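Raw contents of query-v7.txt, compact mmCIF, C-alpha atoms:
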# COMPACT_ATOMS: atom_id res chain seq x y z
CA MET A 1 36.20 -17.12 10.94
CA SER A 2 33.85 -18.58 13.48
CA GLY A 3 33.75 -22.17 14.58
CA TYR A 4 30.18 -23.32 14.18
CA ARG A 5 28.40 -23.76 10.87
CA ILE A 6 24.64 -23.15 10.81
CA VAL A 7 22.10 -23.93 8.10
CA HIS A 8 18.81 -22.03 8.06
CA TYR A 9 15.58 -23.53 6.69
CA MET A 10 12.81 -21.18 5.51
CA ASN A 11 9.88 -20.98 3.10
CA GLN A 12 9.64 -19.31 -0.30
CA PHE A 13 8.20 -16.16 1.21
CA PHE A 14 10.97 -15.46 3.72
CA GLY A 15 13.45 -16.74 1.17
CA GLY A 16 12.49 -13.81 -1.04
CA ILE A 17 11.31 -16.00 -3.92
CA GLY A 18 7.66 -15.02 -3.79
CA GLY A 19 4.28 -15.39 -2.16
CA GLU A 20 1.56 -17.95 -2.77
CA GLU A 21 2.27 -18.09 -6.49
CA SER A 22 5.67 -19.60 -5.61
CA ALA A 23 4.44 -21.91 -2.84
CA GLY A 24 4.90 -24.89 -5.13
CA ILE A 25 8.69 -24.59 -5.47
CA LYS A 26 10.83 -27.59 -4.62
CA PRO A 27 13.66 -27.43 -2.09
CA GLU A 28 16.70 -25.43 -3.17
CA SER A 29 19.71 -24.05 -1.38
CA ARG A 30 21.69 -20.82 -1.27
CA SER A 31 25.04 -20.20 0.29
CA GLY A 32 25.09 -17.83 3.23
CA ALA A 33 22.22 -16.11 5.02
CA VAL A 34 18.99 -15.01 3.35
CA GLY A 35 16.17 -12.76 4.62
CA PRO A 36 15.63 -13.37 8.34
CA GLY A 37 18.98 -15.19 8.30
CA MET A 38 20.65 -11.77 8.28
CA ALA A 39 19.15 -11.02 11.70
CA PHE A 40 20.35 -14.39 12.98
CA SER A 41 23.86 -13.76 11.62
CA LYS A 42 24.00 -10.53 13.54
CA ALA A 43 22.67 -12.10 16.74
CA LEU A 44 25.21 -14.93 16.53
CA GLN A 45 27.93 -12.25 16.95
CA GLY A 46 30.57 -14.28 15.21
CA LYS A 47 30.13 -17.25 17.52
CA ALA A 48 28.66 -19.15 14.62
CA GLU A 49 28.00 -18.45 10.98
CA ILE A 50 25.05 -19.15 8.71
CA VAL A 51 26.82 -20.99 5.91
CA GLY A 52 23.74 -21.89 3.93
CA THR A 53 20.00 -21.51 3.54
CA VAL A 54 17.57 -24.16 2.35
CA ILE A 55 14.27 -22.91 0.96
CA CYS A 56 11.14 -24.87 0.10
CA GLY A 57 7.68 -23.74 -0.96
CA ASP A 58 5.07 -24.27 1.76
CA GLY A 59 2.61 -25.79 -0.67
CA TYR A 60 5.14 -28.22 -2.10
CA PHE A 61 6.22 -29.26 1.37
CA ALA A 62 2.69 -29.82 2.67
CA GLU A 63 1.69 -31.87 -0.35
CA ASN A 64 4.86 -33.97 -0.61
CA MET A 65 6.02 -34.18 2.97
CA ASP A 66 8.10 -37.35 2.75
CA GLU A 67 9.99 -36.41 -0.40
CA ALA A 68 10.36 -32.80 0.73
CA VAL A 69 11.90 -33.70 4.10
CA GLU A 70 14.33 -36.07 2.46
CA GLU A 71 15.43 -33.52 -0.13
CA VAL A 72 15.69 -30.71 2.45
CA LEU A 73 17.81 -32.95 4.68
CA ARG A 74 20.09 -33.78 1.79
CA LEU A 75 20.57 -30.09 0.97
CA ILE A 76 21.17 -29.23 4.63
CA GLY A 77 23.72 -32.06 4.88
CA GLU A 78 25.68 -30.71 1.92
CA PHE A 79 26.69 -27.68 3.99
CA LYS A 80 28.12 -29.96 6.71
CA PRO A 81 26.51 -27.89 9.47
CA ASP A 82 26.95 -28.12 13.21
CA ALA A 83 23.41 -26.94 13.90
CA VAL A 84 20.19 -25.96 12.14
CA ILE A 85 17.59 -23.20 12.54
CA THR A 86 14.08 -23.60 11.08
CA GLY A 87 11.74 -20.63 10.75
CA PRO A 88 10.48 -18.86 12.71
CA ALA A 89 7.10 -19.68 11.19
CA PHE A 90 4.92 -17.44 13.41
CA ASN A 91 1.30 -18.48 12.77
CA ALA A 92 1.73 -19.82 9.23
CA GLY A 93 0.31 -23.33 9.48
CA ARG A 94 1.97 -25.03 6.52
CA TYR A 95 5.26 -23.28 7.25
CA GLY A 96 5.11 -24.30 10.92
CA THR A 97 4.44 -27.89 9.96
CA ALA A 98 7.40 -27.80 7.56
CA CYS A 99 9.70 -26.19 10.16
CA GLY A 100 8.69 -28.79 12.75
CA SER A 101 9.06 -31.67 10.36
CA VAL A 102 12.50 -30.54 9.12
CA ALA A 103 13.70 -29.89 12.69
CA ASP A 104 12.43 -33.30 13.82
CA ALA A 105 14.29 -35.02 10.98
CA VAL A 106 17.47 -32.99 11.57
CA GLY A 107 17.47 -34.08 15.21
CA LYS A 108 16.69 -37.71 14.49
CA LYS A 109 18.61 -38.37 11.29
CA LEU A 110 21.45 -35.85 11.18
CA LYS A 111 21.64 -35.86 15.00
CA LEU A 112 22.38 -32.14 15.11
CA PRO A 113 21.18 -29.47 17.53
CA VAL A 114 18.21 -27.65 16.03
CA VAL A 115 15.86 -24.89 17.12
CA SER A 116 12.60 -23.64 15.65
CA GLY A 117 10.19 -20.81 16.43
CA MET A 118 6.40 -20.68 16.15
CA TYR A 119 3.27 -19.09 17.55
CA GLN A 120 1.65 -21.25 20.25
CA GLU A 121 -1.42 -22.02 18.14
CA ASN A 122 0.54 -22.98 15.02
CA PRO A 123 -0.43 -26.59 14.19
CA GLY A 124 3.30 -27.34 13.89
CA VAL A 125 3.56 -26.90 17.66
CA ASP A 126 1.27 -29.76 18.61
CA LEU A 127 2.71 -31.96 15.91
CA TYR A 128 6.38 -31.53 16.84
CA ARG A 129 6.73 -30.03 20.31
CA LYS A 130 7.68 -33.38 21.80
CA SER A 131 10.77 -33.82 19.66
CA VAL A 132 11.76 -30.26 18.74
CA ILE A 133 12.89 -27.26 20.78
CA ILE A 134 10.38 -24.61 19.72
CA ILE A 135 10.61 -21.01 20.87
CA PRO A 136 7.19 -19.38 21.25
CA THR A 137 6.85 -16.35 18.95
CA SER A 138 4.17 -13.81 18.19
CA ASP A 139 1.59 -14.68 15.53
CA ASN A 140 3.12 -12.50 12.82
CA ALA A 141 6.49 -11.53 11.43
CA ARG A 142 6.67 -8.36 13.48
CA GLY A 143 7.76 -10.67 16.31
CA ILE A 144 11.03 -11.43 14.53
CA LYS A 145 12.97 -9.06 16.78
CA ASP A 146 12.06 -11.08 19.88
CA ALA A 147 12.24 -14.47 18.19
CA VAL A 148 15.79 -14.07 16.84
CA PRO A 149 17.62 -13.45 20.14
CA ALA A 150 15.57 -16.13 21.92
CA MET A 151 16.25 -18.75 19.24
CA THR A 152 19.92 -17.76 18.93
CA ASN A 153 20.44 -17.97 22.66
CA ILE A 154 19.08 -21.53 22.82
CA LEU A 155 20.99 -22.59 19.73
CA LEU A 156 24.30 -21.38 21.15
CA LYS A 157 23.58 -23.20 24.39
CA LEU A 158 22.85 -26.40 22.51
CA LEU A 159 26.03 -25.98 20.46
CA SER A 160 28.17 -25.48 23.53
CA GLY A 161 26.77 -28.72 24.91
CA GLU A 162 25.31 -26.89 27.88
CA ALA A 163 22.26 -28.64 29.32
CA LEU A 164 19.02 -26.73 28.83
CA GLY A 165 17.12 -25.87 31.97
CA ASP A 166 13.38 -26.17 32.31
CA PRO A 167 11.26 -24.73 29.52
CA ARG A 168 9.86 -21.87 31.57
CA THR A 169 13.26 -20.54 32.60
CA GLU A 170 14.84 -21.07 29.20
CA GLY A 171 11.84 -19.81 27.24
CA TYR A 172 10.99 -22.71 24.94
CA LEU A 173 7.82 -24.74 24.65
CA GLU A 174 7.51 -27.65 27.00
CA ARG A 175 8.26 -31.01 25.40
CA GLY A 176 6.62 -33.13 28.07
CA ILE A 177 9.94 -34.48 29.35
CA ARG A 178 10.28 -35.17 33.07
CA VAL A 179 13.70 -34.56 34.60
CA ASN A 180 14.77 -35.64 38.07
CA THR A 181 16.03 -32.75 40.19
CA PHE A 182 16.78 -32.15 43.84
CA HIS A 183 14.39 -29.76 45.49
CA PRO A 184 15.17 -28.23 48.88
CA ARG A 185 11.60 -28.87 50.05
CA SER A 186 9.85 -32.20 49.99
CA GLY A 187 6.88 -32.96 47.78
CA ALA A 188 4.63 -33.11 50.84
CA GLU A 189 5.56 -29.57 51.87
CA ARG A 190 5.09 -28.24 48.37
CA ALA A 191 1.76 -29.98 47.99
CA VAL A 192 0.45 -28.58 51.28
CA ASP A 193 1.57 -25.08 50.25
CA MET A 194 -0.29 -25.44 47.00
CA LEU A 195 -3.37 -26.74 48.76
CA VAL A 196 -3.34 -23.81 51.17
CA LEU A 197 -3.07 -21.35 48.30
CA LYS A 198 -5.89 -23.13 46.52
CA MET A 199 -8.13 -23.06 49.62
CA ARG A 200 -7.48 -19.34 49.99
CA GLY A 201 -8.48 -18.90 46.40
CA GLU A 202 -5.01 -17.62 45.52
CA LYS A 203 -2.97 -18.35 42.46
CA PHE A 204 -0.76 -21.42 42.51
CA GLU A 205 1.26 -23.16 39.91
CA THR A 206 1.04 -26.90 39.45
CA GLU A 207 4.27 -28.84 39.01
CA TYR A 208 2.59 -31.27 36.69
CA PRO A 209 -0.04 -29.83 34.39
CA MET A 210 -2.55 -32.40 33.17
CA PRO A 211 -2.77 -32.75 29.43
CA VAL A 212 -6.00 -31.51 27.91
CA PHE A 213 -7.52 -33.98 25.49
CA ASP A 214 -10.26 -32.08 23.84
CA ARG A 215 -11.69 -34.82 21.73
CA VAL A 216 -15.24 -35.32 20.59
CA ALA A 217 -16.51 -38.88 20.18
CA PRO A 218 -17.38 -39.71 16.57
CA ALA A 219 -21.09 -39.19 15.90
CA ASP A 220 -23.16 -42.14 14.72
CA PRO A 221 -23.12 -42.64 10.97
CA ILE A 222 -26.07 -41.85 8.69
CA LYS A 223 -28.30 -44.90 8.51
CA ASP A 224 -30.30 -43.97 5.46
CA LEU A 225 -28.35 -41.88 2.99
CA LYS A 226 -31.27 -41.83 0.54
CA GLY A 227 -33.35 -39.99 3.11
CA ALA A 228 -30.58 -37.71 4.39
CA LYS A 229 -30.21 -33.95 4.20
CA ILE A 230 -26.55 -33.05 3.66
CA ALA A 231 -24.98 -29.66 4.43
CA LEU A 232 -21.88 -28.33 2.68
CA LEU A 233 -19.43 -26.06 4.50
CA THR A 234 -15.97 -24.81 3.68
CA ASP A 235 -13.15 -22.99 5.38
CA GLY A 236 -11.47 -22.68 2.00
CA GLY A 237 -12.74 -19.13 1.65
CA ILE A 238 -15.24 -19.53 -1.21
CA VAL A 239 -17.61 -16.55 -1.16
CA PRO A 240 -20.02 -14.90 -3.58
CA THR A 241 -18.14 -12.67 -6.01
CA GLY A 242 -17.05 -9.45 -4.34
CA ASN A 243 -16.96 -11.07 -0.88
CA PRO A 244 -20.06 -9.14 0.29
CA ASP A 245 -19.55 -9.93 3.98
CA ARG A 246 -15.87 -9.03 3.82
CA ILE A 247 -14.51 -12.20 5.37
CA GLU A 248 -10.87 -11.49 6.15
CA ALA A 249 -8.16 -13.15 4.01
CA SER A 250 -6.47 -14.34 7.19
CA SER A 251 -7.26 -14.49 10.93
CA ALA A 252 -10.97 -14.50 10.09
CA THR A 253 -13.24 -13.03 12.75
CA LYS A 254 -16.44 -14.23 11.07
CA TYR A 255 -18.14 -16.79 8.89
CA ALA A 256 -20.99 -16.10 6.50
CA THR A 257 -24.07 -17.97 5.33
CA TYR A 258 -25.43 -17.95 1.81
CA SER A 259 -28.03 -19.85 -0.15
CA PHE A 260 -27.50 -22.37 -2.94
CA GLU A 261 -31.07 -21.92 -4.08
CA GLY A 262 -31.26 -22.06 -7.86
CA VAL A 263 -27.51 -22.66 -8.15
CA ARG A 264 -26.32 -25.88 -9.81
CA SER A 265 -22.60 -25.37 -9.85
CA ALA A 266 -20.02 -23.19 -8.12
CA THR A 267 -19.02 -21.27 -11.22
CA SER A 268 -16.52 -18.43 -11.45
CA ASP A 269 -19.18 -15.83 -12.32
CA LEU A 270 -20.95 -16.49 -9.01
CA TYR A 271 -18.16 -17.29 -6.60
CA GLN A 272 -14.51 -16.61 -5.85
CA THR A 273 -12.12 -17.29 -3.01
CA ALA A 274 -11.34 -14.79 -0.27
CA HIS A 275 -8.63 -17.01 1.26
CA GLY A 276 -5.23 -15.36 1.58
CA GLY A 277 -3.29 -18.52 2.35
CA TYR A 278 -3.09 -20.24 -1.02
CA ASP A 279 -2.72 -19.33 -4.67
CA PRO A 280 -6.30 -18.32 -5.62
CA THR A 281 -5.91 -18.98 -9.37
CA TYR A 282 -7.46 -22.46 -9.47
CA ALA A 283 -10.24 -21.80 -6.98
CA ASN A 284 -11.21 -18.64 -8.85
CA GLN A 285 -11.20 -20.46 -12.21
CA ASN A 286 -13.57 -23.10 -10.88
CA PRO A 287 -14.78 -22.71 -7.28
CA ASN A 288 -16.17 -26.30 -7.44
CA ARG A 289 -12.54 -27.29 -6.81
CA VAL A 290 -13.03 -26.14 -3.22
CA LEU A 291 -16.83 -26.21 -2.87
CA PRO A 292 -18.00 -29.30 -4.81
CA LEU A 293 -21.51 -28.03 -5.53
CA ASP A 294 -21.69 -29.44 -9.09
CA VAL A 295 -21.14 -33.01 -7.90
CA LEU A 296 -23.52 -32.67 -4.95
CA ARG A 297 -26.32 -31.27 -7.14
CA ASP A 298 -25.93 -34.18 -9.57
CA MET A 299 -26.01 -36.69 -6.73
CA GLU A 300 -29.08 -35.00 -5.28
CA ASP A 301 -30.80 -35.35 -8.69
CA GLU A 302 -29.78 -38.99 -8.90
CA GLY A 303 -31.34 -39.59 -5.50
CA VAL A 304 -28.06 -40.65 -3.86
CA PHE A 305 -29.21 -38.57 -0.90
CA ALA A 306 -32.50 -36.79 -0.31
CA LYS A 307 -31.57 -33.13 -0.20
CA LEU A 308 -28.67 -30.74 -0.25
CA HIS A 309 -29.17 -28.18 2.53
CA GLU A 310 -29.71 -24.92 0.67
CA THR A 311 -27.90 -22.82 3.27
CA TRP A 312 -24.14 -23.03 3.14
CA TYR A 313 -21.54 -21.70 5.50
CA THR A 314 -18.11 -20.40 4.69
CA THR A 315 -15.09 -18.83 6.31
CA VAL A 316 -11.36 -18.46 5.74
CA GLY A 317 -9.26 -20.95 7.66
CA ASN A 318 -5.92 -19.15 7.55
CA GLY A 319 -4.23 -18.40 10.85
CA THR A 320 -7.71 -18.26 12.33
CA PRO A 321 -7.48 -18.27 16.14
CA VAL A 322 -8.70 -21.54 17.63
CA ALA A 323 -11.19 -19.63 19.78
CA ASN A 324 -12.84 -18.19 16.65
CA GLY A 325 -13.01 -21.61 14.98
CA LYS A 326 -14.66 -23.01 18.07
CA LYS A 327 -17.21 -20.25 18.15
CA PHE A 328 -18.01 -20.58 14.43
CA GLY A 329 -18.40 -24.36 14.72
CA SER A 330 -20.59 -24.13 17.76
CA GLU A 331 -22.97 -21.58 16.20
CA ILE A 332 -23.09 -23.36 12.85
CA GLY A 333 -23.64 -26.76 14.48
CA ALA A 334 -26.58 -25.47 16.53
CA GLN A 335 -28.21 -24.00 13.43
CA LEU A 336 -27.65 -27.12 11.31
CA LYS A 337 -29.18 -29.26 14.03
CA LYS A 338 -32.20 -26.94 14.17
CA ASP A 339 -32.54 -27.08 10.40
CA GLY A 340 -32.80 -30.87 10.46
CA VAL A 341 -29.49 -31.56 8.73
CA ASP A 342 -28.40 -35.22 8.99
CA ALA A 343 -24.74 -34.98 8.05
CA VAL A 344 -22.12 -32.42 7.12
CA ILE A 345 -19.29 -32.18 4.59
CA LEU A 346 -16.60 -29.61 5.43
CA THR A 347 -13.91 -28.92 2.88
CA SER A 348 -10.52 -27.36 3.64
CA THR A 349 -7.64 -26.41 1.39
CA MET B 1 -15.12 -26.18 13.54
CA VAL B 2 -15.38 -29.90 12.74
CA LYS B 3 -15.24 -30.85 16.39
CA GLU B 4 -17.76 -28.27 17.58
CA ILE B 5 -20.26 -29.35 14.93
CA GLU B 6 -19.80 -33.01 15.81
CA ARG B 7 -20.53 -32.15 19.45
CA TYR B 8 -24.16 -31.75 18.38
CA GLY B 9 -24.17 -35.40 17.37
CA LEU B 10 -24.00 -34.56 13.67
CA PRO B 11 -21.71 -36.84 11.68
CA ILE B 12 -19.23 -34.65 9.80
CA VAL B 13 -16.57 -35.54 7.29
CA HIS B 14 -13.50 -33.35 6.77
CA ILE B 15 -12.23 -33.28 3.20
CA CYS B 16 -8.78 -31.71 3.47
CA THR B 17 -5.32 -31.71 1.95
CA ILE B 18 -3.14 -31.61 5.07
CA VAL B 19 -4.32 -34.68 6.95
CA PRO B 20 -1.89 -34.26 9.92
CA ILE B 21 -3.49 -30.91 10.76
CA SER B 22 -6.96 -32.41 10.60
CA LEU B 23 -5.83 -35.22 12.93
CA THR B 24 -4.35 -32.67 15.33
CA VAL B 25 -7.49 -30.57 15.53
CA GLY B 26 -9.55 -33.69 16.21
CA ALA B 27 -11.63 -34.44 13.11
CA ASN B 28 -12.95 -37.99 13.29
CA ARG B 29 -13.86 -38.76 9.69
CA ILE B 30 -11.14 -37.53 7.32
CA VAL B 31 -10.99 -37.83 3.55
CA PRO B 32 -7.71 -36.70 1.94
CA ALA B 33 -7.98 -34.18 -0.89
CA ILE B 34 -5.81 -33.50 -3.94
CA ALA B 35 -3.85 -30.29 -3.34
CA ILE B 36 -4.04 -27.13 -1.26
CA PRO B 37 -5.08 -24.66 -3.99
CA HIS B 38 -7.49 -27.19 -5.56
CA PRO B 39 -8.53 -29.80 -3.00
CA LEU B 40 -11.34 -31.16 -5.19
CA GLY B 41 -9.91 -30.68 -8.64
CA ASP B 42 -6.80 -30.76 -10.74
CA PRO B 43 -6.28 -28.01 -13.33
CA THR B 44 -3.89 -30.21 -15.32
CA LYS B 45 -6.73 -32.61 -16.16
CA THR B 46 -9.64 -32.18 -18.56
CA PRO B 47 -12.88 -30.86 -17.03
CA GLU B 48 -14.40 -34.36 -17.35
CA GLU B 49 -11.48 -36.01 -15.57
CA GLU B 50 -11.57 -33.34 -12.90
CA TYR B 51 -15.27 -33.86 -12.34
CA ALA B 52 -14.67 -37.60 -11.99
CA MET B 53 -11.93 -36.99 -9.41
CA ARG B 54 -14.15 -34.62 -7.48
CA ARG B 55 -17.04 -37.04 -7.61
CA ALA B 56 -14.82 -39.87 -6.31
CA ILE B 57 -13.78 -37.78 -3.30
CA VAL B 58 -17.38 -36.75 -2.52
CA GLU B 59 -18.51 -40.39 -2.85
CA LYS B 60 -15.77 -41.43 -0.45
CA ALA B 61 -16.91 -38.67 1.94
CA LEU B 62 -20.52 -39.91 1.81
CA SER B 63 -19.39 -43.45 2.45
CA ALA B 64 -17.32 -42.20 5.41
CA LEU B 65 -20.49 -40.59 6.78
CA GLN B 66 -22.19 -44.01 6.64
CA THR B 67 -19.34 -45.89 8.31
CA PRO B 68 -19.47 -46.54 12.05
CA ILE B 69 -16.16 -45.57 13.67
CA THR B 70 -14.86 -45.49 17.21
CA GLU B 71 -11.75 -43.39 16.66
CA GLN B 72 -10.22 -40.90 14.21
CA THR B 73 -10.22 -42.53 10.79
CA VAL B 74 -8.59 -41.48 7.54
CA PHE B 75 -10.62 -42.93 4.68
Re-express the file's structure as structure tokens.
Amino acid sequence: MSGYRIVHYMNQFFGGIGGEESAGIKPESRSGAVGPGMAFSKALQGKAEIVGTVICGDGYFAENMDEAVEEVLRLIGEFKPDAVITGPAFNAGRYGTACGSVADAVGKKLKLPVVSGMYQENPGVDLYRKSVIIIPTSDNARGIKDAVPAMTNILLKLLSGEALGDPRTEGYLERGIRVNTFHPRSGAERAVDMLVLKMRGEKFETEYPMPVFDRVAPADPIKDLKGAKIALLTDGGIVPTGNPDRIEASSATKYATYSFEGVRSATSDLYQTAHGGYDPTYANQNPNRVLPLDVLRDMEDEGVFAKLHETWYTTVGNGTPVANGKKFGSEIGAQLKKDGVDAVILTST
Amino acid sequence: MVKEIERYGLPIVHICTIVPISLTVGANRIVPAIAIPHPLGDPTKTPEEEYAMRRAIVEKALSALQTPITEQTVF
């Protein structure tokens, strides 16, 4: 029997309960390891044991974050663990957010060592990297074989009370913590070396990367709504039935444009969802639930605003690389501007 | 997408369920929605009630588009 007791947090999918149709399940626990927990058990080599698994649906977690964290923490606490693993979540956005949020709470409230794993672009990274040790993983579950040893290694270090070295050496994502260390060469020498490399046009590595704040200042509001042309966009994956442009269900490489001309309402005979990241039942029953065309047409008739832009844009926002999102937005924005649109509504699931 | 469109000086409102993600990506005008699989509806309600809920969110979005802001704002 090993010394350390570990609890593993995962979503309904990795927990073997089901896919999107089960994303609404509330937190529940199982004794022992489940799914990817088996790989962790093996990697722990008897130094620690996964005594329990806590599972929560990604949808439930995202929609009830406060209650979900509290309930997950309670279930984790019941196993009286010495440490906790969350994920890895790869590039699943809701799952990453849940893993980060649970890990953050475990560290702060239960005061236990905890490690998580995510793809660099997972929104959970930016939300929780400051408070949680996150191991960078690949963007899909095939990366489990690399993620498990890396996460296990860090977890065992944390359990043994060994101090973690710098993120680059240890292989976790930087938390933005500065640590005093003795360096054999003075700052002046290192700075001059860097400057020389820079002047030669060679590669050098900064000791203090500047944060990138890519923010856009809020645009001025619409002054005259009654005279305004409004455009409707979605990344909730609504497409004409049959998905004629074959927008991918995840990691979309494209967006598509269609016309609302002659259409009063986003009905199920005309539209469907192509999004692979949520249960499509409700959006397929009534696509207005994602693309509120019925309401906008009525408001247009009532003269609330002058005109609904007849061209609409759609894509699937599901693990979509940031670079693609940027490109889509930039192209769509240029076109909307050219078309004399005054303001934009973008809906997301 | 929100940010790149706003770069053209177009006011844009993001209606979304997971507000923390919208804040992280840098949307400026954010209107919370109902649930992930049905952000602007609720299948447990009657069609009339659902329409009213959807209309309320769209009205809030239009009012957000008319509100001057200087920083990220959740309406």
Pick from A:Arg142, A:Arg94, A:Lys47, A:His309 nearest to Thr257 of chain A, counting all atoms listed in the file: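 For Thr257 of chain A, the nearest of the given residues is A:His309.
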For Val25 of chain B: contacts at 8 Å, only C-alpha atoms, fewer than 3 positions along chain excluded, given as a PyMOL selection string: chain B and resi 3+21-22
Could I get the residues of chain B with an atom no further than 8 Å from an atom of chain A, each paired with its nearest atom pair and that distance in Å to one decimal, using all atoms listed in the file, sorted by chain and residue number, as a tab-separated table?
residue	atom	partner	partner_atom	distance
B:Met1	CA	A:Gly329	CA	3.9
B:Val2	CA	A:Gly329	CA	6.6
B:Lys3	CA	A:Val216	CA	6.1
B:Glu4	CA	A:Gly329	CA	4.9
B:Ile5	CA	A:Gly333	CA	4.3
B:Glu6	CA	A:Ala219	CA	6.3
B:Arg7	CA	A:Val216	CA	6.3
B:Tyr8	CA	A:Gly333	CA	6.4
B:Gly9	CA	A:Ala219	CA	5.1
B:Leu10	CA	A:Ala343	CA	5.7
B:Pro11	CA	A:Ala219	CA	4.9
B:Ile12	CA	A:Val344	CA	4.5
B:Val13	CA	A:Ile345	CA	5.1
B:His14	CA	A:Leu346	CA	5.0
B:Ile15	CA	A:Thr347	CA	4.7
B:Cys16	CA	A:Ser348	CA	4.7
B:Thr17	CA	A:Thr349	CA	5.8
B:Ile18	CA	A:Ala62	CA	6.6
B:Pro20	CA	A:Leu127	CA	7.9
B:Ile21	CA	A:Pro123	CA	6.3
B:Thr24	CA	A:Leu127	CA	7.1
B:Gly26	CA	A:Arg215	CA	6.0
B:Asn28	CA	A:Pro218	CA	5.8
B:Arg29	CA	A:Pro218	CA	7.8
B:Ala35	CA	A:Glu63	CA	6.5
B:Ile36	CA	A:Thr349	CA	4.5
B:Pro37	CA	A:Tyr278	CA	5.7
B:His38	CA	A:Arg289	CA	5.2
B:Pro39	CA	A:Thr349	CA	5.6
B:Leu40	CA	A:Arg289	CA	4.4
B:Gly41	CA	A:Arg289	CA	4.7
B:Asp42	CA	A:Arg289	CA	7.8
B:Pro43	CA	A:Tyr282	CA	6.9
B:Tyr51	CA	A:Val295	CA	7.4
B:Arg54	CA	A:Pro292	CA	7.1
B:Arg55	CA	A:Val295	CA	5.8
B:Val58	CA	A:Val295	CA	7.6
B:Ala61	CA	A:Ile345	CA	7.4
B:Leu65	CA	A:Pro221	CA	5.4
B:Gln66	CA	A:Pro221	CA	4.6
B:Thr67	CA	A:Pro221	CA	5.7
B:Pro68	CA	A:Pro221	CA	5.4
B:Ile69	CA	A:Pro218	CA	6.7
B:Thr70	CA	A:Pro218	CA	6.3
B:Glu71	CA	A:Pro218	CA	6.7
B:Gln72	CA	A:Pro218	CA	7.6
Resulting file, chosen residues, C-alpha atoms, as a short mmCIF file (atom, residue, chain, number, x, y, z; two decimals), keeping the file's coordinate frame:
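Output file result_31.cif follows:
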data_model
loop_
_atom_site.label_atom_id
_atom_site.label_comp_id
_atom_site.auth_asym_id
_atom_site.auth_seq_id
_atom_site.Cartn_x
_atom_site.Cartn_y
_atom_site.Cartn_z
CA MET B 1 -15.12 -26.18 13.54
CA VAL B 2 -15.38 -29.90 12.74
CA LYS B 3 -15.24 -30.85 16.39
CA GLU B 4 -17.76 -28.27 17.58
CA ILE B 5 -20.26 -29.35 14.93
CA GLU B 6 -19.80 -33.01 15.81
CA ARG B 7 -20.53 -32.15 19.45
CA TYR B 8 -24.16 -31.75 18.38
CA GLY B 9 -24.17 -35.40 17.37
CA LEU B 10 -24.00 -34.56 13.67
CA PRO B 11 -21.71 -36.84 11.68
CA ILE B 12 -19.23 -34.65 9.80
CA VAL B 13 -16.57 -35.54 7.29
CA HIS B 14 -13.50 -33.35 6.77
CA ILE B 15 -12.23 -33.28 3.20
CA CYS B 16 -8.78 -31.71 3.47
CA THR B 17 -5.32 -31.71 1.95
CA ILE B 18 -3.14 -31.61 5.07
CA PRO B 20 -1.89 -34.26 9.92
CA ILE B 21 -3.49 -30.91 10.76
CA THR B 24 -4.35 -32.67 15.33
CA GLY B 26 -9.55 -33.69 16.21
CA ASN B 28 -12.95 -37.99 13.29
CA ARG B 29 -13.86 -38.76 9.69
CA ALA B 35 -3.85 -30.29 -3.34
CA ILE B 36 -4.04 -27.13 -1.26
CA PRO B 37 -5.08 -24.66 -3.99
CA HIS B 38 -7.49 -27.19 -5.56
CA PRO B 39 -8.53 -29.80 -3.00
CA LEU B 40 -11.34 -31.16 -5.19
CA GLY B 41 -9.91 -30.68 -8.64
CA ASP B 42 -6.80 -30.76 -10.74
CA PRO B 43 -6.28 -28.01 -13.33
CA TYR B 51 -15.27 -33.86 -12.34
CA ARG B 54 -14.15 -34.62 -7.48
CA ARG B 55 -17.04 -37.04 -7.61
CA VAL B 58 -17.38 -36.75 -2.52
CA ALA B 61 -16.91 -38.67 1.94
CA LEU B 65 -20.49 -40.59 6.78
CA GLN B 66 -22.19 -44.01 6.64
CA THR B 67 -19.34 -45.89 8.31
CA PRO B 68 -19.47 -46.54 12.05
CA ILE B 69 -16.16 -45.57 13.67
CA THR B 70 -14.86 -45.49 17.21
CA GLU B 71 -11.75 -43.39 16.66
CA GLN B 72 -10.22 -40.90 14.21
#
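Pairwise distance (atom CA of Thr314 of chain A, atom CA of Arg246 of chain A) equals 11.6 Å.
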Polymer residues at most 10 Å from Ala39 of chain A, only C-alpha atoms, same-chain spacing of 4 or more positions, as a PyMOL selection string: chain A and resi 33-35+43-44+144-145+148-149+152
Keeping C-alpha atoms, export the residues of the selection given above as a CSV table (one decimal), in the coordinates of the input.
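Contents of the output file result-v8.csv:
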chain,number,residue,atom,x,y,z
A,33,ALA,CA,22.2,-16.1,5.0
A,34,VAL,CA,19.0,-15.0,3.4
A,35,GLY,CA,16.2,-12.8,4.6
A,43,ALA,CA,22.7,-12.1,16.7
A,44,LEU,CA,25.2,-14.9,16.5
A,144,ILE,CA,11.0,-11.4,14.5
A,145,LYS,CA,13.0,-9.1,16.8
A,148,VAL,CA,15.8,-14.1,16.8
A,149,PRO,CA,17.6,-13.4,20.1
A,152,THR,CA,19.9,-17.8,18.9
Pairwise distance for atom CA of Phe61 of chain A and atom CA of Gly237 of chain A, rounded to one decimal in Å: 21.5 Å
Shortest interatomic distance to Val74 of chain B - which of B:Val19, B:Ala33, B:Thr46, B:Glu59, counting all atoms listed in the file: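 When distances to Val74 of chain B are compared using all atoms listed in the file, the smallest one comes from B:Val19.
The two atoms in question, atom CA of Leu293 of chain A and atom CA of Glu50 of chain B, are spaced 13.5 Å apart.
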